[in-house]
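**Student:** This is coords.cif, which holds mmCIF, C-alpha atoms:
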```
data_structure
#
loop_
_atom_site.group_PDB
_atom_site.id
_atom_site.type_symbol
_atom_site.label_atom_id
_atom_site.label_comp_id
_atom_site.auth_asym_id
_atom_site.auth_seq_id
_atom_site.Cartn_x
_atom_site.Cartn_y
_atom_site.Cartn_z
ATOM 1 C CA MET A 65 203.351 -1.333 52.495
ATOM 2 C CA THR A 66 202.798 0.325 55.883
ATOM 3 C CA LYS A 67 199.221 1.534 56.322
ATOM 4 C CA ALA A 68 198.849 5.243 57.103
ATOM 5 C CA ILE A 69 195.837 7.501 57.307
ATOM 6 C CA LEU A 70 195.577 11.239 56.805
ATOM 7 C CA LEU A 71 193.508 12.656 59.652
ATOM 8 C CA LEU A 72 192.887 16.378 60.091
ATOM 9 C CA SER A 73 190.283 18.869 58.942
ATOM 10 C CA GLU A 74 189.810 19.000 55.178
ATOM 11 C CA TYR A 75 190.567 22.715 55.158
ATOM 12 C CA ASN A 76 193.905 22.210 56.894
ATOM 13 C CA ARG A 77 194.698 19.139 54.800
ATOM 14 C CA ASP A 78 194.664 21.356 51.738
ATOM 15 C CA ARG A 79 196.845 23.947 53.476
ATOM 16 C CA ILE A 80 199.505 21.529 54.725
ATOM 17 C CA TYR A 81 199.491 18.608 52.310
ATOM 18 C CA GLY A 82 199.657 19.696 48.689
ATOM 19 C CA GLU A 83 200.002 17.347 45.766
ATOM 20 C CA GLN A 84 203.778 17.287 46.124
ATOM 21 C CA GLN A 85 203.599 16.324 49.790
ATOM 22 C CA LEU A 86 200.940 13.655 49.208
ATOM 23 C CA GLU A 87 202.870 12.180 46.297
ATOM 24 C CA SER A 88 205.996 12.011 48.456
ATOM 25 C CA LEU A 89 204.129 10.326 51.338
ATOM 26 C CA ARG A 90 202.738 7.682 49.007
ATOM 27 C CA LYS A 91 206.276 6.652 48.099
ATOM 28 C CA PHE A 92 206.725 5.440 51.678
ATOM 29 C CA VAL A 93 203.273 4.368 52.897
ATOM 30 C CA ASP A 94 199.870 3.176 51.760
ATOM 31 C CA LEU A 95 198.093 6.450 52.496
ATOM 32 C CA GLU A 96 194.332 6.724 52.945
ATOM 33 C CA ASP A 97 192.642 10.110 53.208
ATOM 34 C CA CYS A 98 190.192 10.036 56.131
ATOM 35 C CA CYS A 99 189.818 13.785 56.600
ATOM 36 C CA ALA A 100 186.115 13.710 55.717
ATOM 37 C CA LEU A 101 185.556 11.441 58.745
ATOM 38 C CA VAL A 102 187.149 13.699 61.371
ATOM 39 C CA GLY A 103 184.864 13.847 64.395
ATOM 40 C CA ASP A 104 182.958 10.678 63.496
ATOM 41 C CA LEU A 105 184.749 7.908 65.362
ATOM 42 C CA GLY A 106 182.132 5.330 64.408
ATOM 43 C CA ALA A 107 182.745 5.861 60.701
ATOM 44 C CA LEU A 108 186.479 6.088 61.267
ATOM 45 C CA LYS A 109 186.907 2.826 63.188
ATOM 46 C CA PRO A 110 187.254 0.508 60.148
ATOM 47 C CA HIS A 111 190.053 2.745 58.830
ATOM 48 C CA LEU A 112 191.838 2.954 62.183
ATOM 49 C CA ALA A 113 191.727 -0.808 62.701
ATOM 50 C CA ASP A 114 194.873 -1.584 60.706
ATOM 51 C CA ALA A 115 196.568 1.830 60.624
ATOM 52 C CA GLU A 116 200.157 1.984 61.880
ATOM 53 C CA ILE A 117 200.679 5.678 61.137
ATOM 54 C CA ILE A 118 198.571 8.824 61.370
ATOM 55 C CA CYS A 119 199.635 11.939 59.481
ATOM 56 C CA SER A 120 197.798 14.917 60.887
ATOM 57 C CA GLY A 121 197.731 18.648 61.570
ATOM 58 C CA TRP A 122 195.336 21.295 62.857
ATOM 59 C CA GLY A 123 191.953 19.651 63.432
ATOM 60 C CA MET A 124 193.275 16.347 64.771
ATOM 61 C CA MET A 125 190.770 14.380 66.881
ATOM 62 C CA ASN A 126 191.227 13.867 70.605
ATOM 63 C CA MET A 127 193.163 10.642 71.143
ATOM 64 C CA ASN A 128 191.263 9.347 74.138
ATOM 65 C CA GLU A 129 190.848 5.736 75.284
ATOM 66 C CA GLU A 130 188.013 5.015 72.845
ATOM 67 C CA PHE A 131 189.978 6.391 69.900
ATOM 68 C CA LEU A 132 193.084 4.423 70.839
ATOM 69 C CA ASN A 133 191.142 1.199 71.335
ATOM 70 C CA ALA A 134 189.947 1.582 67.752
ATOM 71 C CA ALA A 135 193.563 1.819 66.585
ATOM 72 C CA PRO A 136 195.283 -1.235 68.122
ATOM 73 C CA HIS A 137 198.196 -1.191 65.641
ATOM 74 C CA LEU A 138 198.947 2.526 65.852
ATOM 75 C CA LYS A 139 202.667 3.127 66.377
ATOM 76 C CA ALA A 140 203.327 6.675 65.219
ATOM 77 C CA VAL A 141 201.575 10.033 64.862
ATOM 78 C CA PHE A 142 203.223 12.682 62.714
ATOM 79 C CA TYR A 143 201.636 16.031 63.507
ATOM 80 C CA GLY A 144 201.920 18.690 60.819
ATOM 81 C CA ALA A 145 201.530 21.655 63.165
ATOM 82 C CA GLY A 146 202.939 22.977 66.450
ATOM 83 C CA SER A 147 201.388 22.417 69.859
ATOM 84 C CA ILE A 148 200.126 18.876 70.548
ATOM 85 C CA ARG A 149 198.205 19.721 73.735
ATOM 86 C CA ALA A 150 194.761 19.807 72.115
ATOM 87 C CA PHE A 151 194.649 16.127 71.149
ATOM 88 C CA THR A 152 197.042 14.205 73.406
ATOM 89 C CA THR A 153 195.728 12.511 76.554
ATOM 90 C CA ASP A 154 197.066 10.457 79.454
ATOM 91 C CA ALA A 155 195.865 7.343 77.618
ATOM 92 C CA PHE A 156 197.899 8.339 74.573
ATOM 93 C CA TRP A 157 201.134 8.828 76.506
ATOM 94 C CA GLU A 158 200.652 5.535 78.319
ATOM 95 C CA ARG A 159 200.564 3.664 74.991
ATOM 96 C CA GLY A 160 204.140 4.664 74.124
ATOM 97 C CA ILE A 161 203.175 5.794 70.629
ATOM 98 C CA LEU A 162 205.797 7.839 68.766
ATOM 99 C CA LEU A 163 204.744 11.463 68.319
ATOM 100 C CA THR A 164 206.490 14.138 66.286
ATOM 101 C CA SER A 165 205.526 17.747 65.700
ATOM 102 C CA THR A 166 206.485 20.238 63.027
ATOM 103 C CA TRP A 167 206.864 22.974 65.634
ATOM 104 C CA ALA A 168 210.322 23.705 64.218
ATOM 105 C CA ALA A 169 208.842 24.393 60.789
ATOM 106 C CA ASN A 170 206.026 26.490 62.240
ATOM 107 C CA GLY A 171 208.612 28.470 64.183
ATOM 108 C CA ILE A 172 210.419 29.662 61.056
ATOM 109 C CA PRO A 173 207.761 32.144 59.836
ATOM 110 C CA VAL A 174 207.157 33.300 63.424
ATOM 111 C CA ALA A 175 210.859 34.127 63.785
ATOM 112 C CA GLU A 176 210.936 35.815 60.373
ATOM 113 C CA HIS A 177 207.874 37.875 61.255
ATOM 114 C CA THR A 178 209.354 38.825 64.612
ATOM 115 C CA VAL A 179 212.678 39.971 63.183
ATOM 116 C CA ALA A 180 210.819 42.041 60.594
ATOM 117 C CA LEU A 181 208.862 43.720 63.412
ATOM 118 C CA ILE A 182 212.093 44.375 65.333
ATOM 119 C CA VAL A 183 213.631 46.106 62.318
ATOM 120 C CA LEU A 184 210.491 48.095 61.495
ATOM 121 C CA GLY A 185 209.836 48.894 65.146
ATOM 122 C CA LEU A 186 213.306 50.317 65.754
ATOM 123 C CA LYS A 187 212.929 52.455 62.608
ATOM 124 C CA LYS A 188 209.515 53.644 63.885
ATOM 125 C CA THR A 189 208.096 52.621 60.528
ATOM 126 C CA PHE A 190 204.538 52.243 61.807
ATOM 127 C CA GLU A 191 204.496 55.672 63.452
ATOM 128 C CA CYS A 192 206.007 57.256 60.343
ATOM 129 C CA ASN A 193 203.355 55.641 58.159
ATOM 130 C CA ARG A 194 200.558 56.932 60.387
ATOM 131 C CA MET A 195 201.983 60.448 60.631
ATOM 132 C CA THR A 196 202.657 60.693 56.898
ATOM 133 C CA ARG A 197 199.090 59.653 56.084
ATOM 134 C CA GLN A 198 197.597 62.030 58.629
ATOM 135 C CA GLN A 199 199.742 65.047 57.719
ATOM 136 C CA ARG A 200 199.728 64.245 53.978
ATOM 137 C CA THR A 201 203.441 65.001 53.714
ATOM 138 C CA TRP A 202 206.670 63.316 54.809
ATOM 139 C CA ALA A 203 206.548 63.087 58.584
ATOM 140 C CA ARG A 204 208.449 61.275 61.281
ATOM 141 C CA PRO A 205 208.816 61.350 65.070
ATOM 142 C CA ASP A 206 211.481 63.620 66.560
ATOM 143 C CA VAL A 207 213.514 60.585 67.641
ATOM 144 C CA VAL A 208 214.047 57.430 65.550
ATOM 145 C CA ARG A 209 216.243 54.846 67.301
ATOM 146 C CA GLY A 210 217.313 52.645 64.381
ATOM 147 C CA LEU A 211 219.040 49.273 64.679
ATOM 148 C CA TYR A 212 222.684 50.122 65.239
ATOM 149 C CA GLY A 213 223.662 49.288 68.810
ATOM 150 C CA ALA A 214 220.089 48.619 69.885
ATOM 151 C CA LYS A 215 219.404 46.252 72.764
ATOM 152 C CA VAL A 216 216.947 43.455 71.964
ATOM 153 C CA GLY A 217 215.519 41.254 74.712
ATOM 154 C CA VAL A 218 214.085 37.811 73.972
ATOM 155 C CA ILE A 219 211.781 36.149 76.503
ATOM 156 C CA GLY A 220 211.701 32.378 75.975
ATOM 157 C CA VAL A 221 214.518 30.642 74.131
ATOM 158 C CA GLY A 222 212.672 27.685 72.679
ATOM 159 C CA MET A 223 212.345 26.908 68.991
ATOM 160 C CA VAL A 224 211.178 30.408 68.000
ATOM 161 C CA GLY A 225 213.253 32.424 70.442
ATOM 162 C CA SER A 226 216.390 30.536 69.394
ATOM 163 C CA LYS A 227 215.711 31.247 65.719
ATOM 164 C CA VAL A 228 215.144 34.931 66.453
ATOM 165 C CA LEU A 229 218.499 35.141 68.230
ATOM 166 C CA GLU A 230 220.248 33.299 65.392
ATOM 167 C CA MET A 231 218.727 35.629 62.803
ATOM 168 C CA LEU A 232 219.658 38.722 64.814
ATOM 169 C CA LYS A 233 223.357 37.777 64.610
ATOM 170 C CA ARG A 234 223.461 39.398 61.169
ATOM 171 C CA TYR A 235 222.428 42.773 62.622
ATOM 172 C CA ASP A 236 224.457 45.238 64.671
ATOM 173 C CA VAL A 237 222.340 44.777 67.781
ATOM 174 C CA GLU A 238 223.055 43.517 71.293
ATOM 175 C CA THR A 239 220.852 40.622 72.360
ATOM 176 C CA PHE A 240 219.704 39.489 75.799
ATOM 177 C CA ALA A 241 217.627 36.453 76.724
ATOM 178 C CA CYS A 242 215.547 35.215 79.634
ATOM 179 C CA ASP A 243 214.548 31.559 79.960
ATOM 180 C CA PRO A 244 214.583 29.480 83.172
ATOM 181 C CA TYR A 245 215.075 26.282 81.161
ATOM 182 C CA ARG A 246 218.217 27.504 79.377
ATOM 183 C CA SER A 247 221.679 27.687 80.899
ATOM 184 C CA GLU A 248 223.932 30.709 80.568
ATOM 185 C CA LYS A 249 226.198 28.641 78.319
ATOM 186 C CA GLU A 250 223.325 27.761 75.963
ATOM 187 C CA ILE A 251 222.270 31.391 75.733
ATOM 188 C CA ARG A 252 225.849 32.510 75.046
ATOM 189 C CA LYS A 253 226.017 30.059 72.128
ATOM 190 C CA LEU A 254 223.133 31.953 70.589
ATOM 191 C CA GLY A 255 225.101 35.181 70.849
ATOM 192 C CA ALA A 256 223.045 36.577 73.721
ATOM 193 C CA THR A 257 223.607 37.590 77.330
ATOM 194 C CA GLN A 258 221.500 35.979 80.038
ATOM 195 C CA ALA A 259 219.243 38.446 81.839
ATOM 196 C CA GLU A 260 216.363 38.527 84.302
ATOM 197 C CA LEU A 261 212.854 39.419 83.124
ATOM 198 C CA ASP A 262 212.720 42.783 84.905
ATOM 199 C CA GLU A 263 216.144 43.656 83.542
ATOM 200 C CA LEU A 264 215.065 42.992 79.936
ATOM 201 C CA PHE A 265 212.108 45.332 80.143
ATOM 202 C CA ALA A 266 214.037 48.106 81.870
ATOM 203 C CA ASP A 267 217.140 48.045 79.666
ATOM 204 C CA CYS A 268 216.135 46.925 76.170
ATOM 205 C CA ASP A 269 214.925 48.975 73.220
ATOM 206 C CA VAL A 270 212.842 46.024 72.024
ATOM 207 C CA VAL A 271 211.395 43.164 74.044
ATOM 208 C CA THR A 272 209.942 40.216 72.141
ATOM 209 C CA LEU A 273 207.907 37.467 73.801
ATOM 210 C CA HIS A 274 208.299 33.763 72.911
ATOM 211 C CA ALA A 275 207.506 31.987 76.185
ATOM 212 C CA PRO A 276 205.259 28.891 76.081
ATOM 213 C CA ASN A 277 201.570 29.162 76.897
ATOM 214 C CA ILE A 278 201.513 27.060 80.075
ATOM 215 C CA GLU A 279 200.001 27.556 83.530
ATOM 216 C CA SER A 280 203.194 28.960 85.028
ATOM 217 C CA THR A 281 203.417 31.700 82.380
ATOM 218 C CA GLN A 282 199.813 32.939 82.606
ATOM 219 C CA HIS A 283 199.868 36.737 83.112
ATOM 220 C CA MET A 284 203.629 36.540 83.598
ATOM 221 C CA ILE A 285 204.068 39.917 81.902
ATOM 222 C CA ARG A 286 202.473 42.650 84.004
ATOM 223 C CA GLY A 287 201.888 46.354 83.928
ATOM 224 C CA LYS A 288 205.025 47.001 85.997
ATOM 225 C CA HIS A 289 207.131 45.558 83.175
ATOM 226 C CA PHE A 290 205.664 47.947 80.605
ATOM 227 C CA ALA A 291 205.949 50.849 83.046
ATOM 228 C CA SER A 292 209.692 50.183 83.372
ATOM 229 C CA MET A 293 210.349 50.336 79.610
ATOM 230 C CA LYS A 294 212.276 53.212 78.058
ATOM 231 C CA ASP A 295 210.342 55.934 76.271
ATOM 232 C CA GLY A 296 209.942 54.803 72.657
ATOM 233 C CA ALA A 297 210.718 51.133 73.407
ATOM 234 C CA VAL A 298 208.874 48.411 71.503
ATOM 235 C CA PHE A 299 207.105 45.324 72.849
ATOM 236 C CA ILE A 300 206.341 42.424 70.476
ATOM 237 C CA ASN A 301 204.051 39.491 71.213
ATOM 238 C CA THR A 302 203.875 36.655 68.685
ATOM 239 C CA ALA A 303 203.536 33.991 71.414
ATOM 240 C CA ARG A 304 200.132 33.927 73.145
ATOM 241 C CA GLY A 305 197.967 36.669 74.600
ATOM 242 C CA ARG A 306 197.362 34.759 77.816
ATOM 243 C CA ILE A 307 200.988 35.234 78.880
ATOM 244 C CA VAL A 308 200.407 38.984 79.185
ATOM 245 C CA HIS A 309 198.099 40.694 81.666
ATOM 246 C CA GLU A 310 196.346 42.493 78.822
ATOM 247 C CA LYS A 311 194.392 45.006 80.913
ATOM 248 C CA GLU A 312 197.552 46.209 82.639
ATOM 249 C CA MET A 313 199.398 46.356 79.308
ATOM 250 C CA VAL A 314 196.653 48.480 77.766
ATOM 251 C CA GLU A 315 196.729 50.919 80.691
ATOM 252 C CA GLU A 316 200.434 51.519 80.083
ATOM 253 C CA LEU A 317 199.976 51.768 76.326
ATOM 254 C CA LYS A 318 197.344 54.459 76.822
ATOM 255 C CA LYS A 319 200.114 56.699 78.177
ATOM 256 C CA GLY A 320 201.658 56.704 74.679
ATOM 257 C CA ARG A 321 205.272 56.248 75.849
ATOM 258 C CA ILE A 322 205.920 52.860 74.274
ATOM 259 C CA PHE A 323 204.878 51.006 71.140
ATOM 260 C CA ALA A 324 203.489 47.473 70.850
ATOM 261 C CA CYS A 325 203.264 45.009 67.956
ATOM 262 C CA ILE A 326 200.525 42.615 69.010
ATOM 263 C CA ASP A 327 199.776 39.493 66.955
ATOM 264 C CA VAL A 328 198.041 37.505 69.705
ATOM 265 C CA THR A 329 195.489 38.564 72.307
ATOM 266 C CA ASP A 330 193.371 37.184 75.123
ATOM 267 C CA PRO A 331 190.697 36.514 73.996
ATOM 268 C CA GLU A 332 191.217 36.097 70.260
ATOM 269 C CA PRO A 333 190.117 38.207 68.555
ATOM 270 C CA PRO A 334 189.885 41.078 71.047
ATOM 271 C CA GLU A 335 186.425 42.183 72.116
ATOM 272 C CA SER A 336 184.958 44.777 69.737
ATOM 273 C CA ASP A 337 185.386 47.539 72.327
ATOM 274 C CA SER A 338 189.045 46.710 73.039
ATOM 275 C CA ALA A 339 191.368 49.715 73.123
ATOM 276 C CA LEU A 340 193.867 47.710 71.079
ATOM 277 C CA TYR A 341 191.847 48.567 67.962
ATOM 278 C CA ASP A 342 192.118 52.303 68.610
ATOM 279 C CA LEU A 343 195.493 53.022 70.173
ATOM 280 C CA GLU A 344 197.825 54.708 67.695
ATOM 281 C CA ASN A 345 200.857 53.159 69.352
ATOM 282 C CA VAL A 346 199.671 49.594 68.682
ATOM 283 C CA PHE A 347 200.297 47.639 65.476
ATOM 284 C CA LEU A 348 197.622 44.935 65.719
ATOM 285 C CA THR A 349 197.572 41.871 63.446
ATOM 286 C CA PRO A 350 195.230 38.820 63.414
ATOM 287 C CA HIS A 351 197.502 36.010 64.676
ATOM 288 C CA LEU A 352 199.328 35.695 61.358
ATOM 289 C CA ALA A 353 202.961 35.331 62.438
ATOM 290 C CA GLY A 354 202.882 31.528 62.131
ATOM 291 C CA ALA A 355 202.497 29.402 59.030
ATOM 292 C CA TYR A 356 200.085 30.874 56.503
ATOM 293 C CA GLY A 357 199.714 30.457 52.770
ATOM 294 C CA GLU A 358 202.505 28.505 51.154
ATOM 295 C CA ASP A 359 204.451 28.481 54.443
ATOM 296 C CA CYS A 360 202.068 25.696 55.519
ATOM 297 C CA LYS A 361 203.524 23.370 52.896
ATOM 298 C CA ARG A 362 206.786 23.436 54.854
ATOM 299 C CA LEU A 363 204.879 21.661 57.648
ATOM 300 C CA GLY A 364 203.879 18.949 55.198
ATOM 301 C CA ASP A 365 207.474 18.609 54.030
ATOM 302 C CA TYR A 366 208.586 18.047 57.618
ATOM 303 C CA VAL A 367 205.957 15.309 58.033
ATOM 304 C CA VAL A 368 207.186 13.632 54.857
ATOM 305 C CA GLU A 369 210.736 13.617 56.199
ATOM 306 C CA GLU A 370 209.646 12.179 59.556
ATOM 307 C CA VAL A 371 207.706 9.413 57.797
ATOM 308 C CA ARG A 372 210.739 8.657 55.639
ATOM 309 C CA ARG A 373 212.912 8.412 58.736
ATOM 310 C CA TYR A 374 210.381 6.128 60.432
ATOM 311 C CA ILE A 375 210.132 3.760 57.471
ATOM 312 C CA SER A 376 213.930 3.729 57.195
ATOM 313 C CA ASP A 377 214.339 2.904 60.924
ATOM 314 C CA GLU A 378 216.054 6.233 61.540
ATOM 315 C CA PRO A 379 215.393 8.234 64.723
ATOM 316 C CA PRO A 380 212.844 11.050 64.377
ATOM 317 C CA ALA A 381 214.136 14.582 63.998
ATOM 318 C CA TYR A 382 211.502 16.266 66.164
ATOM 319 C CA PRO A 383 210.002 13.794 68.656
ATOM 320 C CA VAL A 384 207.715 15.039 71.417
ATOM 321 C CA HIS A 385 207.866 13.363 74.825
ATOM 322 C CA ARG A 386 205.487 13.775 77.727
ATOM 323 C CA ASP A 387 208.041 15.466 79.948
ATOM 324 C CA MET A 388 208.470 18.197 77.329
ATOM 325 C CA LEU A 389 204.992 19.498 78.176
ATOM 326 C CA GLU A 390 206.471 21.183 81.242
ATOM 327 C CA TRP A 391 208.000 23.871 79.013
ATOM 328 C CA MET A 392 206.571 23.299 75.545
ATOM 329 C CA ALA A 393 203.697 25.401 74.171
#
```
Could you rewrite the structure in this file as structure tokens?
**Tutor:**
Amino acid sequence: MTKAILLLSEYNRDRIYGEQQLESLRKFVDLEDCCALVGDLGALKPHLADAEIICSGWGMMNMNEEFLNAAPHLKAVFYGAGSIRAFTTDAFWERGILLTSTWAANGIPVAEHTVALIVLGLKKTFECNRMTRQQRTWARPDVVRGLYGAKVGVIGVGMVGSKVLEMLKRYDVETFACDPYRSEKEIRKLGATQAELDELFADCDVVTLHAPNIESTQHMIRGKHFASMKDGAVFINTARGRIVHEKEMVEELKKGRIFACIDVTDPEPPESDSALYDLENVFLTPHLAGAYGEDCKRLGDYVVEEVRRYISDEPPAYPVHRDMLEWMA
């Protein structure tokens, strides 16, 4: 039977690989749990020596030259999480080892969370909750937009942005999308209209951010974008805080014209004196849009399926190639 090792932090092992997932993996491979050895390459070397497969997740070790030399038979790494940037190296890519990621699975709860925020944001649910508690009677803003006919702008049409657009098809909203890596035809297939970044912010009732966290997107969203938004418009960030110039965003939010649902910040968490904790027009959450709780088991299920495909000589469903790093988170 093909030798495989489980290599990620013990905490994340228990989140991603439950008994059902482990039992399923053992139907296909001879699986050895090496999670207790993460970070100790010396102790890990005897286990890497004959391993063909690594099943991993958050907490995976850096796959540098020394690590790879200790794993001469390694042919595939199945990563039970999203971004692979933290552990891949030039040496890894040069070896031609198969790599898959469960970024598609991790994108499902992010998209679900985002759509929920879009619905609640357009109904001004968060403002109504605050006002009702403060006034101790039913209270709502003078103007509540609602969903019908609303314009929703999606920045970044990757795995998450695509799912958001697909899910929004069931609502009576008009969708727009901005992504330099997507053609107008691809965006139309998702039911959206292609638009420029400035246009999204100026015209849409909700703007939701799903661009990748790469050098070219750092501080891509500036104060001028927030300043151009309609009164009462909603900005949602479930991507990464680094993509937004946070100081400029906060300055616009202080004016109270717009509302923001912020799940990610730069840094994380925000500094204790950050205005994001105090602004009444900010719904701040602790980076929880992605896989949490039982949602993490979906990541393990995707790894199981990729291992099954590998053992059956079928092509992987979600391979990651080096050239994808240009646009992938």
**Student:** Please evaluate the PyMOL selection byres ((chain A and resi 193-201) around 12) against the displayed coordinates and give the resulting residues as a list in words.
**Tutor:**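 Evaluating the PyMOL selection byres ((chain A and resi 193-201) around 12) on these coordinates yields Leu184, Gly185, Lys187, Lys188, Thr189, Phe190, Glu191, Cys192, Trp202, Ala203, Arg204, Pro205, Asp206, Leu343, Glu344, Asn345, Val346 and Phe347 of chain A.
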**Student:** With distances taken over only C-alpha atoms, which residue among A:Ile285, A:Ala68, A:Val141, A:Val371 lies nearest Thr164 (chain A)?
**Tutor:**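 Closest residue, counting only C-alpha atoms: A:Val141.
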**Student:** How many Å separate CA of Leu181 (chain A) from CA of Ala324 (chain A)?
**Tutor:** 9.9 Å
**Student:** Within 9 Å of (212.7, 16.1, 64.9), all atoms listed in the file: residues as a list in words?
**Tutor:** Thr164, Ser165, Thr166, Ala168, Tyr366, Glu370, Pro379, Pro380, Ala381, Tyr382, Pro383 and Val384 of chain A
**Student:** Name every residue that the PyMOL selection byres ((chain A and resi 299) around 12) selects in this structure, writing the answer as a short mmCIF file (atom, residue, chain, number, x, y, z; two decimals) with C-alpha atoms, keeping the file's coordinate frame with chains first and numbers rising.
**Tutor:**
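Generated output (expr37.cif):
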```cif
data_model
loop_
_atom_site.label_atom_id
_atom_site.label_comp_id
_atom_site.auth_asym_id
_atom_site.auth_seq_id
_atom_site.Cartn_x
_atom_site.Cartn_y
_atom_site.Cartn_z
CA THR A 178 209.35 38.83 64.61
CA LEU A 181 208.86 43.72 63.41
CA ILE A 182 212.09 44.38 65.33
CA GLY A 185 209.84 48.89 65.15
CA LEU A 186 213.31 50.32 65.75
CA VAL A 216 216.95 43.46 71.96
CA GLY A 217 215.52 41.25 74.71
CA VAL A 218 214.08 37.81 73.97
CA ILE A 219 211.78 36.15 76.50
CA LEU A 264 215.06 42.99 79.94
CA PHE A 265 212.11 45.33 80.14
CA ALA A 266 214.04 48.11 81.87
CA CYS A 268 216.14 46.92 76.17
CA ASP A 269 214.92 48.98 73.22
CA VAL A 270 212.84 46.02 72.02
CA VAL A 271 211.40 43.16 74.04
CA THR A 272 209.94 40.22 72.14
CA LEU A 273 207.91 37.47 73.80
CA HIS A 274 208.30 33.76 72.91
CA ILE A 285 204.07 39.92 81.90
CA HIS A 289 207.13 45.56 83.18
CA PHE A 290 205.66 47.95 80.60
CA ALA A 291 205.95 50.85 83.05
CA SER A 292 209.69 50.18 83.37
CA MET A 293 210.35 50.34 79.61
CA LYS A 294 212.28 53.21 78.06
CA ASP A 295 210.34 55.93 76.27
CA GLY A 296 209.94 54.80 72.66
CA ALA A 297 210.72 51.13 73.41
CA VAL A 298 208.87 48.41 71.50
CA ILE A 300 206.34 42.42 70.48
CA ASN A 301 204.05 39.49 71.21
CA THR A 302 203.88 36.66 68.68
CA ALA A 303 203.54 33.99 71.41
CA VAL A 308 200.41 38.98 79.18
CA MET A 313 199.40 46.36 79.31
CA VAL A 314 196.65 48.48 77.77
CA GLU A 316 200.43 51.52 80.08
CA LEU A 317 199.98 51.77 76.33
CA ARG A 321 205.27 56.25 75.85
CA ILE A 322 205.92 52.86 74.27
CA PHE A 323 204.88 51.01 71.14
CA ALA A 324 203.49 47.47 70.85
CA CYS A 325 203.26 45.01 67.96
CA ILE A 326 200.52 42.62 69.01
CA ASP A 327 199.78 39.49 66.96
CA ASN A 345 200.86 53.16 69.35
CA VAL A 346 199.67 49.59 68.68
CA PHE A 347 200.30 47.64 65.48
CA LEU A 348 197.62 44.94 65.72
#
```
**Student:** Any chance you could work out the residue set of the PyMOL selection byres ((chain A and resi 213) around 10) here, as JSON, numbers by chain?
**Tutor:** {"A": [209, 210, 211, 212, 214, 215, 216, 235, 236, 237, 238, 239, 269]}
**Student:** So the first atom is CA of Gly82 (chain A) and the second is CA of Pro110 (chain A); what is the distance between them in Å, to one decimal place?
**Tutor:**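 If I compute the distance from CA of Gly82 (chain A) to CA of Pro110 (chain A), I get 25.6 Å.
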**Student:** With only C-alpha atoms as the basis for distance, which of A:Ser336, A:Asn126, A:Ser73, A:Ser247 is at the shortest distance from Leu101 (chain A)?
**Tutor:** A:Ser73
**Student:** Neighbours of Ala355 (chain A) within 12 Å (only C-alpha atoms; same-chain residues fewer than 3 positions away dropped), as a list in words?
**Tutor:**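 The residues that qualify are Asn76, Arg79, Ile80, Trp122, Gly144, Ala145, Gly146, Thr166, Trp167, Ala168, Ala169, Asn170, Gly171, Ile172, Pro173, Val174, Ala175, Glu176, His177, His351, Leu352, Glu358, Asp359, Cys360, Lys361, Arg362, Leu363 and Gly364 of chain A.
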**Student:** When you count all atoms listed in the file, which of these residues is closest to Ser226 (chain A): A:Val208, A:Leu254, A:Val102, A:Val93?
**Tutor:**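 Nearest candidate to Ser226 (chain A) out of A:Val208, A:Leu254, A:Val102, A:Val93: A:Leu254.
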**Student:** For CA of Glu390 (chain A) and CA of Arg373 (chain A), quote the distance in Å rounded to one decimal.
**Tutor:**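 Spanning CA of Glu390 (chain A) to CA of Arg373 (chain A) is a straight-line distance of 26.7 Å.
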**Student:** Counting only C-alpha atoms, which residues come within 10 Å of (190.9, 2.4, 67.3), with the point read in the file's coordinates, and could you list them as a VMD selection string?
**Tutor:** chain A and resid 105 to 106 108 to 115 127 to 138
**Student:** Would you put the residues from that selection into a file with C-alpha atoms, as a PDB file, in the frame of the given file?
**Tutor:**
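Okay, this is what ended up in result.pdb:
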```
ATOM      1  CA  LEU A 105     184.749   7.908  65.362  1.00  0.00           C
ATOM      2  CA  GLY A 106     182.132   5.330  64.408  1.00  0.00           C
ATOM      3  CA  LEU A 108     186.479   6.088  61.267  1.00  0.00           C
ATOM      4  CA  LYS A 109     186.907   2.826  63.188  1.00  0.00           C
ATOM      5  CA  PRO A 110     187.254   0.508  60.148  1.00  0.00           C
ATOM      6  CA  HIS A 111     190.053   2.745  58.830  1.00  0.00           C
ATOM      7  CA  LEU A 112     191.838   2.954  62.183  1.00  0.00           C
ATOM      8  CA  ALA A 113     191.727  -0.808  62.701  1.00  0.00           C
ATOM      9  CA  ASP A 114     194.873  -1.584  60.706  1.00  0.00           C
ATOM     10  CA  ALA A 115     196.568   1.830  60.624  1.00  0.00           C
ATOM     11  CA  MET A 127     193.163  10.642  71.143  1.00  0.00           C
ATOM     12  CA  ASN A 128     191.263   9.347  74.138  1.00  0.00           C
ATOM     13  CA  GLU A 129     190.848   5.736  75.284  1.00  0.00           C
ATOM     14  CA  GLU A 130     188.013   5.015  72.845  1.00  0.00           C
ATOM     15  CA  PHE A 131     189.978   6.391  69.900  1.00  0.00           C
ATOM     16  CA  LEU A 132     193.084   4.423  70.839  1.00  0.00           C
ATOM     17  CA  ASN A 133     191.142   1.199  71.335  1.00  0.00           C
ATOM     18  CA  ALA A 134     189.947   1.582  67.752  1.00  0.00           C
ATOM     19  CA  ALA A 135     193.563   1.819  66.585  1.00  0.00           C
ATOM     20  CA  PRO A 136     195.283  -1.235  68.122  1.00  0.00           C
ATOM     21  CA  HIS A 137     198.196  -1.191  65.641  1.00  0.00           C
ATOM     22  CA  LEU A 138     198.947   2.526  65.852  1.00  0.00           C
TER      23      LEU A 138
END
```
**Student:** Let me make sure I understand: among A:Lys253, A:Val221, A:Ser376, A:Met125, which one has the smallest atom-to-atom distance to Thr153 (chain A) if we use only C-alpha atoms?
**Tutor:** A:Met125
